[in-house]
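Q: Take this structure first; my questions come after.
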Amino acid sequence: EATSALDNKSEKVVQAALDKLLGEHGGDRTTIVIAHRLSTIRTADVIGYVEEGRLVEKGAHEELMRVEGGRYRALVEKQTLVAKERSEKGLSSRSNSQADLAAKESERSRLSSDGRLSMEQKEDGGEEEPEEEYKVSWKRIFAVTKPDMQFLLVGMCVAALAGALYPFWGFMFAKMITIFFTPIFPCSEDQQDPGAASVVVFTPQQLGFGTCAEYLASKADKLWDDAVFISYFWVLIAVVSIVSNGGMFLCFGAASERLCFRVRNRMFATYLRQEPGYFDLPENGVGAVSSRLANDSTLLKAKTGEPLQQVMLLVFGCVGGIVLAAVFMWPVALMAVGIMPVLGAAMTIQTKMIFGDGEMGGGPSSEDPAIGSMAGETLTAIRTVKSLVLEEFFGSRYAKLAVEGRKDSWATVLRKAFAFGASFAVQHWTFALLLWFSAWIMEKMGGQFSFEDFNIALFAFFFGLFGLSLAATGATDTKEAVKALSNIFRLLDRETKIDPESTEGQTKQEAEGSLALKRIHFTYPARPDSRVCKGLSFEVRAGQKVGIVGPSGGGKSTAIQLIERFYDPDAGHVTFDGVELPDLNYKWYHSNIGMVGQEPHLFSGTVFENIAMGGNATREDVEAAARMANAHDFITAFEKGYETEVGFGGSQLSGGQKQRVAIARALLSRRKVLLLDEATSALDNKSEKVVQAALDKLLGEHGGDRTTIVIAHRLSTIRTADVIGYVEEGRLVEKGAHEELMRVEGGRYRALVEKQTLVAKERSEKGLSSRSNSQADLAAKESERSRLSSDGRLSMEQKEDGGEEEPEEEYKVSWKRIFAVTKPDMQFLLVGMCVAALAGALYPFWGFMFAKMITIFFTPIFPCSEDQQDPGAASVVVFTPQQLGFGTCAEYLASKADKLWDDAVFISYFWVLIAVVSIVSNGGMFLCFGAASERLCFRVRNRMFATYLRQEPGYFDLPENGVGAVSSRLANDSTLLKAKTGEPLQQVMLLVFGCVGGIVLAAVFMWPVALMAVGIMPVLGAAMTIQTKMIFGDGEMGGGPSSEDPAIGSMAGETLTAIRTVKSLVLEEFFGSRYAKLAVEGRKDSWATVLRKAFAFGASFAVQHWTFALLLWFSAWIMEKMGGQFSFEDFNIALFAFFFGLFGLSLAATGATDTKEAVKALSNIFRLLDRETKIDPESTEGQTKQEAEGSLALKRIHFTYPARPDSRVCKGLSFEVRAGQKVGIVGPSGGGKSTAIQLIERFYDPDAGHVTFDGVELPDLNYKWYHSNIGMVGQEPHLFSGTVFENIAMGG
């Protein structure tokens, strides 16, 4: 069908070129033709008639015409009769074909103009301006959330409680440290001379006890009692944590879910109200609109409930911590306020790096859109690629684009790595500053603040930062949220130019049916520089039958769309019964207008439901309309008859079946005006004749009552029209009845008819009718459509039979293979492991230094007095300067202050050192693992694409291997591979040297605490896992809304794709209700599920507090029972080494790739790479010849398409083509004609039988040599991005 898409003039020229080419080498070239024009195969050496997968007739034209009752002869005679009738009427069906193609060309030209406009703008140097932000007031935003206010208010209260827990947690932690620090003085029951003592030792009496044993027991008991008392507070905190965090998740989650549900419904209803011209603009294409429907409403939470949640956490967490610090030690609070912006900036950088485009460890770049576009274009045209043996060419092109598209240069990666390391270093520097400043305060103002004051101030601020962290963690990207907000309110506020829900406008008891277009000027919204109508005027009286013809792009289809009021004209008027369309009630007007187009749109549901959409109808009305459209027989042949599901967009029906259902839908309405736009173009000869007769009967049923406007598919249908209009360049240039126009000397319509009459006469003399050509053309289309629909029907039937789709089995891949893939990056991974180990080890060392800092500030200062007292009479222990080793008390206190200052400065140097090491370690970790991940992703993508190109075309027939699915896997799977390569190494090093290192350090200083830490680690790990899943998984922070149900997205896409059909049938309200109903059914989280998630979220926080209570209780018990073995400093180091070591565990888990997604991606990649293609285009094996002869044979072929295993297409098909022969293949739709061509091209291998070339079976021939001898020209050619020269040069 190589000339099917050309206009009359072009077809004639190209056909002549093909005829010349075919005869150029005499008997050297073998040709097989599936006929588009039967005249091209009449002189073929052999003509084959294929039916139901078998060759039922074969021979030359003259031989087949002598077969009595033969199928080929019957086809020719039938078409000859039709051609003769048309010839007698003075019309040629060739003109029909031209009119048909002109209509198609009009639409294609319109679409291409849209694209060209955009391209020209870019080529002229104008960049696409960013869309202006649509300003939305907070008042409006909160008005949207009004129905959820009760959830938000309760959520704010519990969020405030959750935030306040953090500084209170710090307060209790400080109290716990203070308990363990309570100094124990040296005690001796022997009396000593106070002046002679070199070491301060007290008698039991000085300490208020009878014996030293009583004193020590008292101290141990007090520590135990205080620890148990504090432990109760930890348990209380844990209970409050369940209520507060769980309640926060529940309330904000419920509000977010409800808001998302309402907004999605409002958005979809608003989209349905928009005029069709709105969807012509590229930014409002179906894909973009569907994406906004799915995503924007979920982002709206970032401007509604999420800010409230963040504010409460921030105010009562971070700010509350500062306030608490100010109460106990205001200088520390002032310093905290000063360093907050710096810490905030560091946390912002970390969050962006870990969860943004950089990812943890510098994840690979997302796929460059240019690469994705090239991959999609290539895979869509995979048969063309195979036919021309271009696999290697496109593999190289993809690799080249991938090199050019790598976003991060080394300089960029280094800059990111430094920023990542510095963000951690800033935290250490702030600790150094805080330590230095606190020491300075204690030296200068020591008398004003106790060590407990300092402790509370420090830990209240430190733990309060967790509130800031939690508020920022999992927060929606602000830019994305603002963009989504703009999209939503811009849509909701948009006043549609043509409102289908308007109740205003005139109506009549009964319409007459007259129409008029008066001086119409019009440009499409997407093509403002291209005026289509330039003063177009014509009038249609009630009951008239009007035909419209003219060249492509002249304005014929535009006139139909203006009558349907899909658009309003820029100037001029369209009237119905004398009233301008904007002044008529929209629904009343459309209840009087019916339309049948060339490409019908059906909707998911049953056949009955689709026909009944044409109007309120009974079962009998639907069946009657189906009979009139010649659809009843095929419908009742289905197992479920009228209750058969048509699938998405009617995918379960063939093209002809869909058209007949659409015609039945239009016939059902019995409207006053009927618009026919090539309504029978997709039907075979028999169906077309029956349906056309039905339409003719319908048109004449009410005499002058029905007004009909026809854009001609068959010119015979408009020859008897009352008026025929010739539209050219947006104007009506000729008008009149057929006989009138034929009398116009030099008239355009007459020239068109005469030209087609001459062609028809030539064909009639040859005994062939071009009508049969049209039938063969349509049969080939029907074959492909039927094949595709069968694929879909198989899937649908499997689901209807109750069989659920089985989850794809995980493809097992050994670690050995995984690491083998990373071998080229081993140097990066090894260095990355080393610096990751250093980064992990910093955390317990950080804890060690923190403990040292606390110990410095808790150095006890004894009461000093220069007056001598009787030791036995003293009720309070007071020392003389001499007992303390100093001349005066002032010297003693100054010495203590100086020592504290010197020790603090010395420790501060270590903090600075830790900060420097942090830059190197964290930055190096980001750099090394990022570089390894980027390189790995680059290699794997290239290998995947090359492997896809090696697969046989049948691989892409399966739904799971469609171009969309394959493109998605190419874009995403390789980026997830890091979860099984560099990421585990990074996590192990952070975990071992962080968390495990902390436990080891704890064991060195206080082994019982280390043992307890090991015991509670699994519990803490489980709690952190739950939190991570809730915050970053499907629950989101605050229980974010569910993602869109695929069924809802599918329904929305289907409806918006067919927006003109929806408008024509006034189905906006119907589909709005259907969407809302699906949305209710598709809400994933029931209240029970939300409550369960909320409890789990709260409990995950409570577990942390309970473990602290347990650790405190156990430590107190150890100090009571084994107090002599461990000092306060030992306890401090053990506690903080473990505590800070947990940060290593947290960092290892944070930003980690979802394991399930990673395993799935891993399976996809290695299943693909390991797959042995059934037909390998890169194979060097197989026979070759110096020169091919060109003979072909199909012998006893049995074949089923991979995607339709229950539908055999070829059932013993056999035919032979000798070298140099010209063979034509004809037959009914679905008979196996196109399948034979694909088997010859070796797109598939037969299930049984043999395909041979020059006597050798195709699998035994060298693939590239064989395809270098096979050329194919299809009906719908695929070209590739590049120049005309490059596209032609691909042929050799």
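Note on naming: chains are A, B, ... as they come in the structure tokens, residues start from 1 per chain, ligands start from 1 in the order shown.
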Find the residues around Val579 (chain A) up to 12 Å (only C-alpha atoms counted), leave out those fewer than 2 positions away in its own chain, and share them as a list in words.

A: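 Result of the neighbour search: Gly505, Gln506, Thr507, Lys508, Ala511, Glu512, Gly513, Ser514, Leu515, Ala516, Leu517, His573, Val574, Thr575, Phe576, Asp577, Leu581, Pro582, Asp583, Leu584, Asn585 and Tyr589 of chain A.
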
Q: Please produce a file of those selected residues containing N, CA, C and O atoms, as a CSV table (one decimal), in the first residue's frame.

A:
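The resulting file, selection.csv, is shown below:
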chain,number,residue,atom,x,y,z
A,505,GLY,N,-29.8,30.7,27.4
A,505,GLY,CA,-30.0,30.6,25.9
A,505,GLY,C,-31.4,30.1,25.6
A,505,GLY,O,-32.1,29.6,26.3
A,506,GLN,N,-31.7,30.4,24.3
A,506,GLN,CA,-33.0,30.1,23.8
A,506,GLN,C,-33.2,28.6,23.5
A,506,GLN,O,-32.3,27.9,23.2
A,507,THR,N,-34.4,28.2,23.6
A,507,THR,CA,-34.8,26.9,23.2
A,507,THR,C,-36.1,27.0,22.4
A,507,THR,O,-36.8,28.0,22.4
A,508,LYS,N,-36.5,25.9,21.7
A,508,LYS,CA,-37.7,25.8,20.9
A,508,LYS,C,-38.4,24.5,21.2
A,508,LYS,O,-37.8,23.6,21.7
A,511,ALA,N,-37.1,22.0,16.8
A,511,ALA,CA,-36.2,22.7,15.9
A,511,ALA,C,-36.6,22.4,14.4
A,511,ALA,O,-37.2,21.4,14.1
A,512,GLU,N,-36.2,23.4,13.5
A,512,GLU,CA,-36.5,23.2,12.1
A,512,GLU,C,-35.3,22.5,11.4
A,512,GLU,O,-35.5,21.6,10.7
A,513,GLY,N,-34.1,23.0,11.7
A,513,GLY,CA,-32.9,22.4,11.1
A,513,GLY,C,-32.2,23.2,10.1
A,513,GLY,O,-31.3,22.7,9.4
A,514,SER,N,-32.4,24.5,10.0
A,514,SER,CA,-31.7,25.4,9.1
A,514,SER,C,-30.4,25.9,9.7
A,514,SER,O,-30.3,26.1,10.9
A,515,LEU,N,-29.4,26.0,8.9
A,515,LEU,CA,-28.0,26.4,9.3
A,515,LEU,C,-27.5,27.5,8.4
A,515,LEU,O,-27.8,27.4,7.2
A,516,ALA,N,-26.6,28.3,8.9
A,516,ALA,CA,-26.0,29.3,8.1
A,516,ALA,C,-24.7,29.7,8.6
A,516,ALA,O,-24.5,29.9,9.9
A,517,LEU,N,-23.6,29.8,7.8
A,517,LEU,CA,-22.4,30.4,8.2
A,517,LEU,C,-22.2,31.7,7.4
A,517,LEU,O,-22.3,31.7,6.1
A,573,HIS,N,-20.8,34.9,11.8
A,573,HIS,CA,-21.8,34.3,12.6
A,573,HIS,C,-22.2,32.9,12.1
A,573,HIS,O,-22.2,32.7,10.9
A,574,VAL,N,-22.5,32.1,13.0
A,574,VAL,CA,-23.0,30.7,12.7
A,574,VAL,C,-24.4,30.7,13.3
A,574,VAL,O,-24.6,31.0,14.6
A,575,THR,N,-25.5,30.4,12.5
A,575,THR,CA,-26.8,30.5,13.1
A,575,THR,C,-27.5,29.1,12.9
A,575,THR,O,-27.2,28.4,11.9
A,576,PHE,N,-28.5,28.9,13.8
A,576,PHE,CA,-29.3,27.7,13.7
A,576,PHE,C,-30.7,28.1,13.8
A,576,PHE,O,-31.1,28.8,14.8
A,577,ASP,N,-31.5,27.9,12.8
A,577,ASP,CA,-32.9,28.4,12.7
A,577,ASP,C,-33.0,29.9,13.0
A,577,ASP,O,-33.8,30.4,13.7
A,581,LEU,N,-25.5,30.8,17.4
A,581,LEU,CA,-25.3,29.7,18.3
A,581,LEU,C,-25.0,30.1,19.7
A,581,LEU,O,-25.5,29.5,20.7
A,582,PRO,N,-24.2,31.2,20.0
A,582,PRO,CA,-24.0,31.6,21.4
A,582,PRO,C,-25.3,32.0,22.1
A,582,PRO,O,-25.4,32.0,23.4
A,583,ASP,N,-26.3,32.3,21.3
A,583,ASP,CA,-27.6,32.7,22.0
A,583,ASP,C,-28.5,31.6,22.2
A,583,ASP,O,-29.6,31.8,22.8
A,584,LEU,N,-28.1,30.4,21.8
A,584,LEU,CA,-29.0,29.2,22.0
A,584,LEU,C,-28.5,28.4,23.2
A,584,LEU,O,-27.3,28.5,23.6
A,585,ASN,N,-29.4,27.7,23.9
A,585,ASN,CA,-29.1,26.9,25.0
A,585,ASN,C,-28.2,25.7,24.4
A,585,ASN,O,-28.5,25.0,23.5
A,589,TYR,N,-29.3,22.8,21.8
A,589,TYR,CA,-28.8,22.8,20.5
A,589,TYR,C,-28.1,21.5,20.1
A,589,TYR,O,-28.4,20.9,19.0

Q: Tell me which protein, DNA and RNA residues are within 6 Å of Arg671 (chain A), counting only C-alpha atoms, leaving out same-chain ones fewer than 5 positions away, and put them as a VMD selection string.

A: chain A and resid 592 to 594

Q: How about saving the chosen residues, N, CA, C and O atoms kept, as an mmCIF file, in the first residue's frame?

A:
data_model
loop_
_atom_site.group_PDB
_atom_site.id
_atom_site.type_symbol
_atom_site.label_atom_id
_atom_site.label_comp_id
_atom_site.auth_asym_id
_atom_site.auth_seq_id
_atom_site.Cartn_x
_atom_site.Cartn_y
_atom_site.Cartn_z
ATOM 1 N N ASN A 592 -29.982 18.456 19.030
ATOM 2 C CA ASN A 592 -30.491 18.464 17.664
ATOM 3 C C ASN A 592 -29.402 18.250 16.615
ATOM 4 O O ASN A 592 -29.680 18.284 15.421
ATOM 5 N N ILE A 593 -28.163 18.061 17.069
ATOM 6 C CA ILE A 593 -27.036 17.889 16.149
ATOM 7 C C ILE A 593 -26.412 16.517 16.388
ATOM 8 O O ILE A 593 -26.034 16.177 17.512
ATOM 9 N N GLY A 594 -26.303 15.725 15.348
ATOM 10 C CA GLY A 594 -25.625 14.439 15.433
ATOM 11 C C GLY A 594 -24.467 14.392 14.458
ATOM 12 O O GLY A 594 -24.499 15.030 13.407
#

Q: When you look at Ala417 (chain A) with a cut-off of 8 Å (counting only C-alpha atoms), what residues show up, excluding the ones that are within fewer than 4 positions of it in the same chain? I need them as a PyMOL selection string.

A: chain A and resi 362+413+421+922-927

Q: Could you give me, as a ChimeraX atom specification, the residues within 10 Å of Phe956 (chain A), counting only C-alpha atoms and dropping anything in the same chain fewer than 5 positions from it?

A: /A:379-380,382,948,951,961-963,965-966,1202-1203

Q: Just the residues within 8 Å of region 719-727 of chain A, please, counting only C-alpha atoms, with nothing from its chain fewer than 5 positions along; format it as a VMD selection string.

A: chain A and resid 544 to 551 554 to 556 732 to 738 748 to 749

Q: Identify which of the residues A:Ser188, A:Phe608, A:Ala1102, A:Met1012 lies closest to Gly210 (chain A), counting only C-alpha atoms when measuring atom-to-atom distances.

A: A:Ser188

Q: If I take CA of Arg619 (chain A) and CA of Leu674 (chain A), how far is one from the other in Å, to one decimal?

A: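 Separation between CA of Arg619 (chain A) and CA of Leu674 (chain A): 23.0 Å.
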
Q: Tell me which protein, DNA and RNA residues are within 8 Å of Val235 (chain A), counting only C-alpha atoms, leaving out same-chain ones fewer than 3 positions away, and put them as a VMD selection string.

A: chain A and resid 231 to 232 238 to 239 1105 to 1106 1109

Q: Produce a file of the selected residues containing N, CA and C atoms, as a CSV table (one decimal), in the first residue's frame.

A:
chain,number,residue,atom,x,y,z
A,231,SER,N,12.6,7.6,84.7
A,231,SER,CA,12.2,6.6,83.7
A,231,SER,C,10.7,6.6,83.5
A,232,TYR,N,10.0,6.9,84.5
A,232,TYR,CA,8.5,7.0,84.4
A,232,TYR,C,8.2,8.2,83.4
A,238,ALA,N,6.7,8.5,75.9
A,238,ALA,CA,6.4,7.5,74.8
A,238,ALA,C,4.9,7.4,74.5
A,239,VAL,N,4.1,7.4,75.6
A,239,VAL,CA,2.7,7.3,75.4
A,239,VAL,C,2.1,8.6,74.7
A,1105,HIS,N,11.5,6.4,72.7
A,1105,HIS,CA,11.5,6.9,74.1
A,1105,HIS,C,11.5,5.7,75.1
A,1106,TRP,N,10.8,4.7,74.8
A,1106,TRP,CA,10.9,3.5,75.7
A,1106,TRP,C,12.3,2.9,75.8
A,1109,ALA,N,14.1,5.0,78.2
A,1109,ALA,CA,13.7,4.7,79.6
A,1109,ALA,C,14.4,3.4,80.0

Q: Could you check how far CA of Phe463 (chain A) sits from CA of Ala1094 (chain A), in Å to one decimal?

A: 23.1 Å

Q: Between A:Ala160, A:Leu602, A:Val821, A:Val673, single out the one closest to Ser651 (chain A), counting only C-alpha atoms.

A: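 Ranked by minimum distance to Ser651 (chain A), first place goes to A:Leu602.
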
Q: Kindly give the distance, in Å, that separates CA of Trp901 (chain A) and CA of Leu884 (chain A), rounded to a single decimal.

A: 19.6 Å
